[in-house]
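Visitor: Structure supplied as start35.cif; contents: mmCIF, C-alpha atoms and all ligand atoms.
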```
data_run
#
loop_
_atom_site.group_PDB
_atom_site.id
_atom_site.type_symbol
_atom_site.label_atom_id
_atom_site.label_comp_id
_atom_site.auth_asym_id
_atom_site.auth_seq_id
_atom_site.Cartn_x
_atom_site.Cartn_y
_atom_site.Cartn_z
ATOM 1 C CA MET A 4 -10.323 11.502 -39.020
ATOM 2 C CA THR A 5 -7.807 12.050 -36.221
ATOM 3 C CA LYS A 6 -5.256 9.244 -35.973
ATOM 4 C CA ILE A 7 -4.317 8.665 -32.330
ATOM 5 C CA VAL A 8 -1.718 6.022 -31.478
ATOM 6 C CA VAL A 9 -2.083 4.673 -27.950
ATOM 7 C CA ILE A 10 1.183 3.189 -26.684
ATOM 8 C CA GLY A 11 0.215 0.617 -24.062
ATOM 9 C CA GLY A 12 -3.190 0.384 -25.745
ATOM 10 C CA THR A 13 -3.757 -3.145 -24.375
ATOM 11 C CA GLY A 14 -3.291 -2.098 -20.723
ATOM 12 C CA LEU A 15 -5.850 -1.111 -18.081
ATOM 13 C CA ILE A 16 -6.138 2.526 -19.140
ATOM 14 C CA GLY A 17 -5.044 1.963 -22.758
ATOM 15 C CA SER A 18 -7.810 -0.511 -23.633
ATOM 16 C CA LYS A 19 -10.503 1.748 -22.150
ATOM 17 C CA LEU A 20 -9.001 4.771 -23.911
ATOM 18 C CA VAL A 21 -8.897 3.078 -27.328
ATOM 19 C CA ALA A 22 -12.560 2.028 -26.930
ATOM 20 C CA GLN A 23 -13.635 5.537 -25.912
ATOM 21 C CA LEU A 24 -11.671 7.294 -28.684
ATOM 22 C CA THR A 25 -12.980 4.855 -31.305
ATOM 23 C CA ALA A 26 -16.581 5.357 -30.111
ATOM 24 C CA ARG A 27 -16.091 9.114 -30.624
ATOM 25 C CA GLY A 28 -15.074 8.642 -34.250
ATOM 26 C CA ASN A 29 -11.276 8.798 -34.005
ATOM 27 C CA GLU A 30 -8.906 6.324 -35.599
ATOM 28 C CA ALA A 31 -7.418 4.937 -32.377
ATOM 29 C CA ILE A 32 -4.621 2.393 -32.720
ATOM 30 C CA ALA A 33 -3.671 0.165 -29.773
ATOM 31 C CA ALA A 34 0.101 -0.293 -29.881
ATOM 32 C CA SER A 35 1.980 -2.753 -27.682
ATOM 33 C CA PRO A 36 4.573 -5.521 -28.081
ATOM 34 C CA ASP A 37 1.801 -7.969 -29.093
ATOM 35 C CA SER A 38 0.941 -5.782 -32.087
ATOM 36 C CA GLY A 39 4.632 -5.477 -33.026
ATOM 37 C CA VAL A 40 5.268 -2.080 -31.401
ATOM 38 C CA ASN A 41 7.978 -2.098 -28.745
ATOM 39 C CA THR A 42 9.128 1.221 -27.326
ATOM 40 C CA LEU A 43 12.175 -0.354 -25.659
ATOM 41 C CA THR A 44 13.624 -1.694 -28.896
ATOM 42 C CA GLY A 45 11.973 0.849 -31.221
ATOM 43 C CA ASP A 46 10.411 -1.976 -33.270
ATOM 44 C CA GLY A 47 7.322 -0.893 -35.212
ATOM 45 C CA LEU A 48 7.355 2.716 -33.984
ATOM 46 C CA ALA A 49 8.019 4.455 -37.304
ATOM 47 C CA GLU A 50 5.359 2.342 -39.040
ATOM 48 C CA VAL A 51 2.593 2.861 -36.470
ATOM 49 C CA LEU A 52 3.276 6.616 -36.181
ATOM 50 C CA THR A 53 3.035 7.268 -39.926
ATOM 51 C CA ASP A 54 0.382 9.992 -40.440
ATOM 52 C CA ALA A 55 -0.462 10.021 -36.707
ATOM 53 C CA HIS A 56 -1.735 13.340 -35.341
ATOM 54 C CA VAL A 57 -1.448 12.395 -31.679
ATOM 55 C CA VAL A 58 0.506 9.833 -29.649
ATOM 56 C CA VAL A 59 -0.622 8.891 -26.150
ATOM 57 C CA ASP A 60 1.775 7.013 -23.867
ATOM 58 C CA VAL A 61 -0.103 4.955 -21.261
ATOM 59 C CA SER A 62 2.469 2.174 -21.140
ATOM 60 C CA ASN A 63 3.950 0.935 -17.892
ATOM 61 C CA SER A 64 7.095 -0.891 -16.878
ATOM 62 C CA PRO A 65 6.668 -4.648 -16.408
ATOM 63 C CA SER A 66 9.094 -4.381 -13.454
ATOM 64 C CA PHE A 67 9.234 -1.813 -10.637
ATOM 65 C CA GLU A 68 12.815 -2.851 -9.734
ATOM 66 C CA GLU A 69 14.981 0.301 -9.577
ATOM 67 C CA ARG A 70 17.279 -0.244 -12.585
ATOM 68 C CA GLU A 71 14.621 -1.832 -14.764
ATOM 69 C CA VAL A 72 11.944 0.779 -14.194
ATOM 70 C CA LEU A 73 14.367 3.659 -14.807
ATOM 71 C CA ASN A 74 15.597 1.963 -17.972
ATOM 72 C CA PHE A 75 12.006 1.354 -19.119
ATOM 73 C CA PHE A 76 10.787 4.935 -18.806
ATOM 74 C CA THR A 77 13.970 6.604 -20.081
ATOM 75 C CA THR A 78 14.613 4.260 -23.015
ATOM 76 C CA SER A 79 10.997 3.952 -24.120
ATOM 77 C CA THR A 80 10.342 7.694 -23.818
ATOM 78 C CA THR A 81 13.553 8.593 -25.674
ATOM 79 C CA ASN A 82 12.630 6.213 -28.515
ATOM 80 C CA LEU A 83 9.015 7.356 -28.634
ATOM 81 C CA LEU A 84 9.876 11.076 -28.612
ATOM 82 C CA ALA A 85 12.390 10.577 -31.444
ATOM 83 C CA ALA A 86 9.902 8.584 -33.524
ATOM 84 C CA ALA A 87 7.053 11.031 -32.832
ATOM 85 C CA THR A 88 9.243 13.991 -33.809
ATOM 86 C CA ALA A 89 10.393 12.240 -36.999
ATOM 87 C CA ALA A 90 6.776 11.445 -37.907
ATOM 88 C CA GLY A 91 5.667 15.054 -37.331
ATOM 89 C CA VAL A 92 3.209 14.130 -34.578
ATOM 90 C CA GLY A 93 1.506 17.322 -33.366
ATOM 91 C CA HIS A 94 0.623 16.328 -29.795
ATOM 92 C CA TYR A 95 2.408 14.003 -27.346
ATOM 93 C CA VAL A 96 0.291 12.990 -24.354
ATOM 94 C CA ALA A 97 1.602 11.002 -21.382
ATOM 95 C CA LEU A 98 -0.076 9.671 -18.264
ATOM 96 C CA SER A 99 1.713 10.109 -14.955
ATOM 97 C CA VAL A 100 0.832 10.350 -11.288
ATOM 98 C CA VAL A 101 -0.296 13.209 -9.018
ATOM 99 C CA GLY A 102 2.532 14.007 -6.601
ATOM 100 C CA THR A 103 5.261 12.407 -8.733
ATOM 101 C CA GLU A 104 7.560 15.380 -8.097
ATOM 102 C CA ARG A 105 7.140 14.898 -4.307
ATOM 103 C CA LEU A 106 7.957 11.159 -4.351
ATOM 104 C CA THR A 107 11.684 11.352 -5.062
ATOM 105 C CA GLU A 108 12.499 8.660 -2.447
ATOM 106 C CA SER A 109 10.739 6.097 -4.625
ATOM 107 C CA PRO A 110 12.612 4.372 -7.495
ATOM 108 C CA TYR A 111 9.350 4.100 -9.478
ATOM 109 C CA PHE A 112 8.612 7.799 -9.137
ATOM 110 C CA ARG A 113 12.206 8.802 -9.921
ATOM 111 C CA ALA A 114 11.670 6.963 -13.214
ATOM 112 C CA LYS A 115 8.390 8.845 -13.811
ATOM 113 C CA ILE A 116 10.193 12.144 -13.062
ATOM 114 C CA ALA A 117 12.830 11.193 -15.655
ATOM 115 C CA GLN A 118 10.072 10.351 -18.183
ATOM 116 C CA GLU A 119 8.381 13.725 -17.644
ATOM 117 C CA LYS A 120 11.693 15.634 -17.880
ATOM 118 C CA LEU A 121 12.470 14.034 -21.252
ATOM 119 C CA ILE A 122 9.039 15.055 -22.575
ATOM 120 C CA LYS A 123 9.256 18.631 -21.269
ATOM 121 C CA GLU A 124 12.742 19.127 -22.734
ATOM 122 C CA SER A 125 12.029 17.473 -26.094
ATOM 123 C CA GLY A 126 10.586 20.491 -27.885
ATOM 124 C CA ILE A 127 7.507 18.511 -28.974
ATOM 125 C CA ALA A 128 4.032 19.915 -28.202
ATOM 126 C CA TYR A 129 2.835 17.905 -25.187
ATOM 127 C CA SER A 130 0.322 17.449 -22.409
ATOM 128 C CA ILE A 131 0.981 15.437 -19.242
ATOM 129 C CA VAL A 132 -2.018 14.085 -17.336
ATOM 130 C CA HIS A 133 -1.362 13.499 -13.629
ATOM 131 C CA ALA A 134 -3.950 11.071 -12.237
ATOM 132 C CA THR A 135 -4.342 9.947 -8.655
ATOM 133 C CA GLN A 136 -4.262 6.212 -7.797
ATOM 134 C CA PHE A 137 -6.730 4.077 -9.757
ATOM 135 C CA PHE A 138 -9.410 2.206 -7.765
ATOM 136 C CA GLU A 139 -8.133 -0.886 -9.584
ATOM 137 C CA PHE A 140 -4.668 -0.278 -8.040
ATOM 138 C CA VAL A 141 -5.758 -0.076 -4.381
ATOM 139 C CA ARG A 142 -5.440 -3.848 -3.904
ATOM 140 C CA THR A 143 -1.852 -3.696 -5.229
ATOM 141 C CA ILE A 144 -1.008 -0.923 -2.744
ATOM 142 C CA GLY A 145 -2.247 -3.169 0.074
ATOM 143 C CA ASN A 146 -0.329 -6.182 -1.180
ATOM 144 C CA SER A 147 2.869 -4.124 -1.493
ATOM 145 C CA SER A 148 2.584 -2.989 2.146
ATOM 146 C CA VAL A 149 2.589 -6.353 3.953
ATOM 147 C CA VAL A 150 4.944 -6.755 6.931
ATOM 148 C CA ASN A 151 4.781 -10.053 8.844
ATOM 149 C CA GLY A 152 1.283 -10.778 7.545
ATOM 150 C CA GLU A 153 -0.093 -7.333 8.473
ATOM 151 C CA VAL A 154 -0.710 -4.432 6.108
ATOM 152 C CA HIS A 155 1.310 -1.381 7.191
ATOM 153 C CA VAL A 156 0.165 1.886 5.627
ATOM 154 C CA SER A 157 0.194 5.504 6.722
ATOM 155 C CA HIS A 158 -2.777 7.764 7.368
ATOM 156 C CA ALA A 159 -1.780 10.111 4.503
ATOM 157 C CA LEU A 160 -4.655 11.332 2.341
ATOM 158 C CA ILE A 161 -5.505 9.654 -0.962
ATOM 159 C CA GLN A 162 -8.122 10.721 -3.533
ATOM 160 C CA PRO A 163 -8.394 7.714 -5.874
ATOM 161 C CA ILE A 164 -10.115 7.640 -9.273
ATOM 162 C CA ALA A 165 -11.813 4.984 -11.425
ATOM 163 C CA ALA A 166 -9.795 3.802 -14.434
ATOM 164 C CA ASP A 167 -12.814 4.572 -16.661
ATOM 165 C CA ASP A 168 -12.662 8.212 -15.517
ATOM 166 C CA VAL A 169 -8.897 8.333 -16.122
ATOM 167 C CA ALA A 170 -9.469 7.096 -19.673
ATOM 168 C CA THR A 171 -12.098 9.819 -20.172
ATOM 169 C CA ALA A 172 -9.676 12.468 -18.899
ATOM 170 C CA VAL A 173 -6.801 11.260 -21.075
ATOM 171 C CA GLY A 174 -9.129 11.059 -24.094
ATOM 172 C CA ARG A 175 -10.267 14.662 -23.596
ATOM 173 C CA THR A 176 -6.654 15.800 -23.357
ATOM 174 C CA ALA A 177 -5.658 13.802 -26.438
ATOM 175 C CA THR A 178 -8.424 15.336 -28.540
ATOM 176 C CA GLY A 179 -7.693 18.863 -27.285
ATOM 177 C CA GLU A 180 -4.857 21.271 -27.952
ATOM 178 C CA PRO A 181 -1.439 20.620 -26.368
ATOM 179 C CA ILE A 182 -1.067 22.560 -23.113
ATOM 180 C CA ASN A 183 2.722 22.143 -22.775
ATOM 181 C CA GLY A 184 2.104 21.540 -19.104
ATOM 182 C CA THR A 185 0.407 19.219 -16.640
ATOM 183 C CA VAL A 186 -3.269 18.730 -15.707
ATOM 184 C CA GLU A 187 -4.365 16.924 -12.552
ATOM 185 C CA VAL A 188 -7.344 14.562 -12.358
ATOM 186 C CA ALA A 189 -8.785 12.816 -9.311
ATOM 187 C CA GLY A 190 -11.837 11.068 -7.917
ATOM 188 C CA PRO A 191 -14.501 12.778 -5.784
ATOM 189 C CA GLU A 192 -13.497 11.631 -2.271
ATOM 190 C CA GLN A 193 -10.480 11.754 0.004
ATOM 191 C CA PHE A 194 -9.719 8.905 2.397
ATOM 192 C CA GLY A 195 -6.939 8.097 4.805
ATOM 193 C CA LEU A 196 -4.774 5.543 3.015
ATOM 194 C CA ASP A 197 -5.251 3.200 6.006
ATOM 195 C CA GLU A 198 -9.034 3.633 5.773
ATOM 196 C CA LEU A 199 -9.103 2.958 2.021
ATOM 197 C CA ILE A 200 -6.927 -0.150 2.317
ATOM 198 C CA SER A 201 -9.195 -1.440 5.123
ATOM 199 C CA MET A 202 -12.268 -0.924 2.919
ATOM 200 C CA SER A 203 -10.566 -2.689 0.034
ATOM 201 C CA LEU A 204 -9.548 -5.696 2.177
ATOM 202 C CA THR A 205 -13.067 -5.965 3.600
ATOM 203 C CA LEU A 206 -14.563 -5.883 0.106
ATOM 204 C CA ASP A 207 -12.153 -8.671 -0.900
ATOM 205 C CA GLY A 208 -13.043 -10.730 2.190
ATOM 206 C CA ASP A 209 -9.380 -10.445 3.218
ATOM 207 C CA SER A 210 -8.974 -10.645 7.004
ATOM 208 C CA ARG A 211 -5.420 -9.285 7.234
ATOM 209 C CA ARG A 212 -5.049 -6.543 9.838
ATOM 210 C CA VAL A 213 -4.306 -2.969 8.723
ATOM 211 C CA VAL A 214 -1.750 -1.178 10.903
ATOM 212 C CA THR A 215 -1.644 2.620 10.709
ATOM 213 C CA ASP A 216 2.068 3.323 10.597
ATOM 214 C CA PRO A 217 3.337 6.878 9.936
ATOM 215 C CA GLU A 218 6.729 5.407 8.974
ATOM 216 C CA ALA A 219 5.239 3.011 6.376
ATOM 217 C CA ARG A 220 6.651 3.556 2.914
ATOM 218 C CA TYR A 221 4.622 3.972 -0.269
ATOM 219 C CA PHE A 222 6.691 2.262 -3.005
ATOM 220 C CA GLY A 223 9.824 3.394 -1.131
ATOM 221 C CA ALA A 224 8.701 6.905 -0.196
ATOM 222 C CA GLN A 225 7.546 8.257 3.131
ATOM 223 C CA LEU A 226 4.261 10.141 2.749
ATOM 224 C CA GLN A 227 3.288 13.498 4.202
ATOM 225 C CA GLU A 228 -0.432 14.175 4.723
ATOM 226 C CA ARG A 229 -0.972 15.678 1.237
ATOM 227 C CA THR A 230 1.751 13.987 -0.839
ATOM 228 C CA LEU A 231 -0.756 11.967 -2.918
ATOM 229 C CA VAL A 232 -3.562 14.490 -3.301
ATOM 230 C CA PRO A 233 -3.902 17.046 -6.083
ATOM 231 C CA GLY A 234 -4.030 20.837 -5.910
ATOM 232 C CA SER A 235 -7.216 22.907 -5.983
ATOM 233 C CA GLY A 236 -7.197 23.174 -9.789
ATOM 234 C CA ALA A 237 -7.653 19.427 -10.388
ATOM 235 C CA SER A 238 -10.525 18.094 -12.503
ATOM 236 C CA VAL A 239 -12.656 15.948 -10.229
ATOM 237 C CA PHE A 240 -14.442 12.948 -11.765
ATOM 238 C CA PRO A 241 -17.678 11.541 -10.325
ATOM 239 C CA THR A 242 -17.294 7.794 -9.737
ATOM 240 C CA ARG A 243 -17.272 6.949 -6.007
ATOM 241 C CA PHE A 244 -15.104 4.090 -4.708
ATOM 242 C CA GLU A 245 -17.975 2.235 -3.006
ATOM 243 C CA ASP A 246 -20.228 2.487 -6.093
ATOM 244 C CA TRP A 247 -17.403 1.149 -8.259
ATOM 245 C CA ALA A 248 -16.716 -1.679 -5.795
ATOM 246 C CA THR A 249 -20.420 -2.623 -5.648
ATOM 247 C CA ARG A 250 -20.675 -2.668 -9.457
ATOM 248 C CA ARG A 251 -17.498 -4.754 -9.677
ATOM 249 C CA SER A 252 -18.808 -7.411 -7.330
ATOM 250 C CA SER A 253 -22.367 -7.607 -8.725
HETATM 251 N N1 LIG B 1 -1.695 2.595 -11.116
HETATM 252 C C1 LIG B 1 -2.075 3.805 -10.775
HETATM 253 O O1 LIG B 1 -2.813 3.995 -9.784
HETATM 254 C C2 LIG B 1 -1.647 4.982 -11.616
HETATM 255 C C3 LIG B 1 -2.053 6.271 -11.262
HETATM 256 C C4 LIG B 1 -1.721 7.333 -12.098
HETATM 257 C C5 LIG B 1 -0.979 7.118 -13.256
HETATM 258 N N2 LIG B 1 -0.566 5.838 -13.576
HETATM 259 C C6 LIG B 1 0.179 5.635 -14.821
HETATM 260 O O2 LIG B 1 -0.678 5.038 -15.760
HETATM 261 C C7 LIG B 1 0.098 4.412 -16.779
HETATM 262 C C8 LIG B 1 -0.613 3.177 -17.296
HETATM 263 O O3 LIG B 1 -0.884 2.283 -16.249
HETATM 264 P P1 LIG B 1 -1.757 0.963 -16.463
HETATM 265 O O4 LIG B 1 -2.063 0.432 -15.099
HETATM 266 O O5 LIG B 1 -2.880 1.213 -17.431
HETATM 267 O O6 LIG B 1 -0.693 0.009 -17.148
HETATM 268 P P2 LIG B 1 -0.841 -1.561 -17.532
HETATM 269 O O7 LIG B 1 -2.253 -2.034 -17.385
HETATM 270 O O8 LIG B 1 0.224 -2.278 -16.771
HETATM 271 O O9 LIG B 1 -0.493 -1.572 -19.084
HETATM 272 C C9 LIG B 1 0.809 -1.343 -19.514
HETATM 273 C C10 LIG B 1 0.815 -1.311 -21.017
HETATM 274 O O10 LIG B 1 2.154 -1.043 -21.443
HETATM 275 C C11 LIG B 1 2.475 -1.950 -22.502
HETATM 276 N N3 LIG B 1 3.910 -2.128 -22.603
HETATM 277 C C12 LIG B 1 4.766 -2.742 -21.730
HETATM 278 N N4 LIG B 1 6.011 -2.763 -22.240
HETATM 279 C C13 LIG B 1 5.951 -2.143 -23.461
HETATM 280 C C14 LIG B 1 6.899 -1.875 -24.478
HETATM 281 N N5 LIG B 1 8.184 -2.221 -24.341
HETATM 282 N N6 LIG B 1 6.478 -1.242 -25.604
HETATM 283 C C15 LIG B 1 5.189 -0.881 -25.760
HETATM 284 N N7 LIG B 1 4.240 -1.119 -24.830
HETATM 285 C C16 LIG B 1 4.615 -1.737 -23.693
HETATM 286 C C17 LIG B 1 1.755 -3.226 -22.092
HETATM 287 O O11 LIG B 1 1.676 -4.127 -23.196
HETATM 288 P P3 LIG B 1 1.419 -5.715 -22.930
HETATM 289 O O12 LIG B 1 -0.045 -5.815 -22.605
HETATM 290 O O13 LIG B 1 1.799 -6.376 -24.190
HETATM 291 O O14 LIG B 1 2.307 -6.094 -21.784
HETATM 292 C C18 LIG B 1 0.401 -2.650 -21.684
HETATM 293 O O15 LIG B 1 -0.382 -2.383 -22.827
HETATM 294 C C19 LIG B 1 1.491 4.191 -16.165
HETATM 295 O O16 LIG B 1 2.433 4.987 -16.853
HETATM 296 C C20 LIG B 1 1.357 4.682 -14.717
HETATM 297 O O17 LIG B 1 2.513 5.357 -14.264
HETATM 298 C C21 LIG B 1 -0.890 4.781 -12.792
#
```
Represent the structure of the file as structure tokens.
Ligand SMILES: NC(=O)c1ccc[n+]([C@@H]2O[C@H](COP(=O)([O-])OP(=O)(O)OC[C@H]3O[C@@H](n4cnc5c(N)ncnc54)[C@H](OP(=O)(O)O)[C@@H]3O)[C@@H](O)[C@H]2O)c1
Guide:
Amino acid sequence: MTKIVVIGGTGLIGSKLVAQLTARGNEAIAASPDSGVNTLTGDGLAEVLTDAHVVVDVSNSPSFEEREVLNFFTTSTTNLLAAATAAGVGHYVALSVVGTERLTESPYFRAKIAQEKLIKESGIAYSIVHATQFFEFVRTIGNSSVVNGEVHVSHALIQPIAADDVATAVGRTATGEPINGTVEVAGPEQFGLDELISMSLTLDGDSRRVVTDPEARYFGAQLQERTLVPGSGASVFPTRFEDWATRRSS
């Protein structure tokens, strides 16, 4: 049986991933501070990685503040890579974001770039999954874009994906061979960010006005039309935003 340790296994993607991997007959272990595994301090890492074949990092920083998020991704990734190497783990999988390399103005994405660089330079066999924004995250994007009670977002394109589909994609990567590179995954439809945020607010019964603002920042970064969308080689997953939203509210 393949032992797969999921760091951040209690989170949005992690919990779905552990359930999917377990259903397919793997030994999937959800690791997080609650289960005594802390990548920032290193606590519990050696123990949980004993005899592991694969480690999947779907953790996230509790804070997006510049210093804290950079410290989270660099410290946790350094500790995890060292522990995985010491344990002889054969495949290191990490989840990151489509367009990360284009979002250098953003403190969060600079931290993700640093995380990816550590993995690529570590010498361990790895796969990085770049997903577009989760449907479940669209509300957070809106809430992070409020100026004087109005929601200011640009008209840049976005091709969001359901968290269930992200978990499926990460699970397939984790049970496959390391690619020592990056795969992109996305949902089936592109929207203007302003259009998607409007749909999301309407679905939430939120009457705040959406202002299309080309200067609006996305977590600190100015967006060009295609900053957030993947290249032509991306794997496209089927769940549509409206179908997901309807299921969520029924
Ligand atoms: N949001 C998006 O649209 C999007 C798009 C593409 C990629 N991503 C990437 O997806 C990843 C996962 O996101 P998510 O939304 O599933 O995250 P999440 O729901 O916030 O879950 C984060 C997980 O990390 C764990 N964690 C926090 N600090 C830890 C520590 N010190 N040691 C070990 N585990 C720790 C948490 O444990 P507790 O439950 O104990 O706090 C939780 O299990 C992130 O790396 C993000 O960059 C996100």
Visitor: Quick one, how far is atom CA of Ser109 of chain A from atom CA of Phe222 of chain A?
Guide: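 Interatomic distance, atom CA of Ser109 of chain A to atom CA of Phe222 of chain A: 5.8 Å.
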Visitor: Using all atoms listed in the file, find each residue in chain A having at least one atom no more than 7 Å away from ligand LIG 1 (chain B); report its shortest atom-to-atom pair and that distance in Å (one decimal), rows by chain then rising number, as a Markdown table.
Guide:
```
| residue | atom | partner | partner_atom | distance |
| --- | --- | --- | --- | --- |
| A:Ile10 | CA | B:LIG1 | N7 | 5.6 |
| A:Gly11 | CA | B:LIG1 | O15 | 3.3 |
| A:Gly12 | CA | B:LIG1 | O15 | 4.9 |
| A:Thr13 | CA | B:LIG1 | O15 | 3.8 |
| A:Gly14 | CA | B:LIG1 | O9 | 3.3 |
| A:Leu15 | CA | B:LIG1 | O7 | 3.8 |
| A:Ile16 | CA | B:LIG1 | O5 | 3.9 |
| A:Gly17 | CA | B:LIG1 | O5 | 5.8 |
| A:Ala34 | CA | B:LIG1 | C15 | 6.6 |
| A:Ser35 | CA | B:LIG1 | N7 | 4.0 |
| A:Pro36 | CA | B:LIG1 | O13 | 4.9 |
| A:Asp37 | CA | B:LIG1 | O13 | 5.2 |
| A:Val40 | CA | B:LIG1 | C15 | 5.8 |
| A:Asn41 | CA | B:LIG1 | N6 | 3.6 |
| A:Thr42 | CA | B:LIG1 | N6 | 4.0 |
| A:Leu43 | CA | B:LIG1 | N5 | 4.6 |
| A:Val61 | CA | B:LIG1 | C8 | 4.4 |
| A:Ser62 | CA | B:LIG1 | O10 | 3.2 |
| A:Asn63 | CA | B:LIG1 | C9 | 4.2 |
| A:Ser64 | CA | B:LIG1 | C12 | 5.7 |
| A:Pro65 | CA | B:LIG1 | C12 | 6.0 |
| A:Ser79 | CA | B:LIG1 | N5 | 6.8 |
| A:Leu98 | CA | B:LIG1 | O2 | 5.3 |
| A:Ser99 | CA | B:LIG1 | C5 | 4.4 |
| A:Val100 | CA | B:LIG1 | C4 | 4.0 |
| A:Val101 | CA | B:LIG1 | C4 | 6.8 |
| A:Lys115 | CA | B:LIG1 | O17 | 6.8 |
| A:His133 | CA | B:LIG1 | C4 | 6.4 |
| A:Ala134 | CA | B:LIG1 | C4 | 4.4 |
| A:Thr135 | CA | B:LIG1 | C3 | 5.1 |
| A:Gln136 | CA | B:LIG1 | O1 | 3.3 |
| A:Phe137 | CA | B:LIG1 | O1 | 3.9 |
| A:Phe140 | CA | B:LIG1 | O1 | 5.0 |
```
Visitor: When distances are computed from all atoms listed in the file, which of A:Val58, A:Ala31, A:Leu24, A:Ala128 shows the smallest separation from Arg175 of chain A?
Guide: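 So, comparing all the options, the nearest one is A:Leu24.
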Visitor: Which residues come within 12 Å of segment 203-212 of chain A, counting all atoms listed in the file, excluding same-chain residues fewer than 4 positions away, as a PyMOL selection string?
Guide: chain A and resi 138-146+148-156+194+196-199+244-253
Visitor: Kindly extract all protein, DNA and RNA residues lying within 12 Å of the coordinates (8.2, 10.1, -3.4) given in the file, considering all atoms listed in the file, and supply them as a list of chain:residue names.
Guide: A:Val100, A:Val101, A:Gly102, A:Thr103, A:Glu104, A:Arg105, A:Leu106, A:Thr107, A:Glu108, A:Ser109, A:Pro110, A:Tyr111, A:Phe112, A:Arg113, A:Ala114, A:Lys115, A:Ile116, A:Arg220, A:Tyr221, A:Phe222, A:Gly223, A:Ala224, A:Gln225, A:Leu226, A:Gln227, A:Arg229, A:Thr230, A:Leu231
Visitor: Which residues, written as a list of chain:residue names, have at least one atom at most 8 Å from Gly195 of chain A, with all atoms listed in the file counted and residues fewer than 6 positions away on the same chain left out?
Guide: A:Ser157, A:His158, A:Ala159, A:Leu160, A:Ile161
Visitor: Using Å and a single decimal, report how far atom CA of Val59 of chain A sits from atom CA of Thr25 of chain A.
Guide: 14.0 Å
Visitor: Please measure the separation of atom CA of Gly174 of chain A and atom CA of Gln23 of chain A, giving the value in Å to one decimal.
Guide: 7.4 Å
Visitor: Looking at only C-alpha atoms, which of A:Thr44, A:Ser147, A:Ser18, A:Ser125 is the one that sits closest to Ala219 of chain A?
Guide: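 Checking each candidate against Ala219 of chain A, we get A:Ser147 as the closest.
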Visitor: Neighbouring residues of Ser66 of chain A were defined as those with any atom within 9 Å, considering all atoms listed in the file; residues of the same chain fewer than 4 positions away were excluded. Please report them as a PDB file with C-alpha atoms, keeping the file's coordinate frame.
Guide:
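The resulting file, result33.pdb, is reproduced below:
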```
ATOM      1  CA  GLU A  71      14.621  -1.832 -14.764  1.00  0.00           C
ATOM      2  CA  VAL A  72      11.944   0.779 -14.194  1.00  0.00           C
ATOM      3  CA  PHE A  75      12.006   1.354 -19.119  1.00  0.00           C
TER       4      PHE A  75
END
```
Visitor: Between A:Lys6, A:Lys120, A:Arg243, A:His94, which has the minimum distance to Asp60 of chain A (counting only C-alpha atoms)?
Guide: A:His94
Visitor: Determine the nearest neighbour of Val92 of chain A from the options A:Glu69, A:Asp54, A:Asp216, A:Glu228, counting all atoms listed in the file.
Guide: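 Of A:Glu69, A:Asp54, A:Asp216, A:Glu228, the one nearest Val92 of chain A, counting all atoms listed in the file, is A:Asp54.
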Visitor: Quick one: everything within 10 Å of Thr81 of chain A, counting all atoms listed in the file, minus sequence neighbours fewer than 3 positions away in the same chain. Send it as an mmCIF file with C-alpha atoms, in the frame of the given file.
Guide:
```cif
data_model
loop_
_atom_site.group_PDB
_atom_site.id
_atom_site.type_symbol
_atom_site.label_atom_id
_atom_site.label_comp_id
_atom_site.auth_asym_id
_atom_site.auth_seq_id
_atom_site.Cartn_x
_atom_site.Cartn_y
_atom_site.Cartn_z
ATOM 1 C CA THR A 42 9.128 1.221 -27.326
ATOM 2 C CA LEU A 43 12.175 -0.354 -25.659
ATOM 3 C CA GLY A 45 11.973 0.849 -31.221
ATOM 4 C CA PHE A 75 12.006 1.354 -19.119
ATOM 5 C CA PHE A 76 10.787 4.935 -18.806
ATOM 6 C CA THR A 77 13.970 6.604 -20.081
ATOM 7 C CA THR A 78 14.613 4.260 -23.015
ATOM 8 C CA LEU A 84 9.876 11.076 -28.612
ATOM 9 C CA ALA A 85 12.390 10.577 -31.444
ATOM 10 C CA ALA A 86 9.902 8.584 -33.524
ATOM 11 C CA ALA A 87 7.053 11.031 -32.832
ATOM 12 C CA GLN A 118 10.072 10.351 -18.183
ATOM 13 C CA LEU A 121 12.470 14.034 -21.252
ATOM 14 C CA ILE A 122 9.039 15.055 -22.575
ATOM 15 C CA SER A 125 12.029 17.473 -26.094
#
```
Visitor: Considering all atoms listed in the file, return as a PyMOL selection string whatever protein or nucleic-acid residues lie within 12 Å of Ala26 of chain A, sequence-local ones (same chain, fewer than 6 positions apart) excluded.
Guide: chain A and resi 19-20+171+174
Visitor: Between A:Ile200, A:Val186, A:Val169, A:Val214, which is the closest to Gly234 of chain A once you count all atoms listed in the file?
Guide: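 Comparing A:Ile200, A:Val186, A:Val169, A:Val214 against Gly234 of chain A, the winner is A:Val186.
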Visitor: Could you check which of A:Ala97, A:Ile7, A:Ala165, A:Val51 is closest to Ala189 of chain A, using all atoms listed in the file?
Guide: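 Among the listed residues, A:Ala165 lies closest to Ala189 of chain A.
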Visitor: Would you kindly identify which residues have an atom no farther than 12 Å from (-4.4, 22.6, -20.7), using all atoms listed in the file and the file's own coordinates, and write them out as a ChimeraX atom specification?
Guide: /A:96,128-133,172-173,175-188,236-238
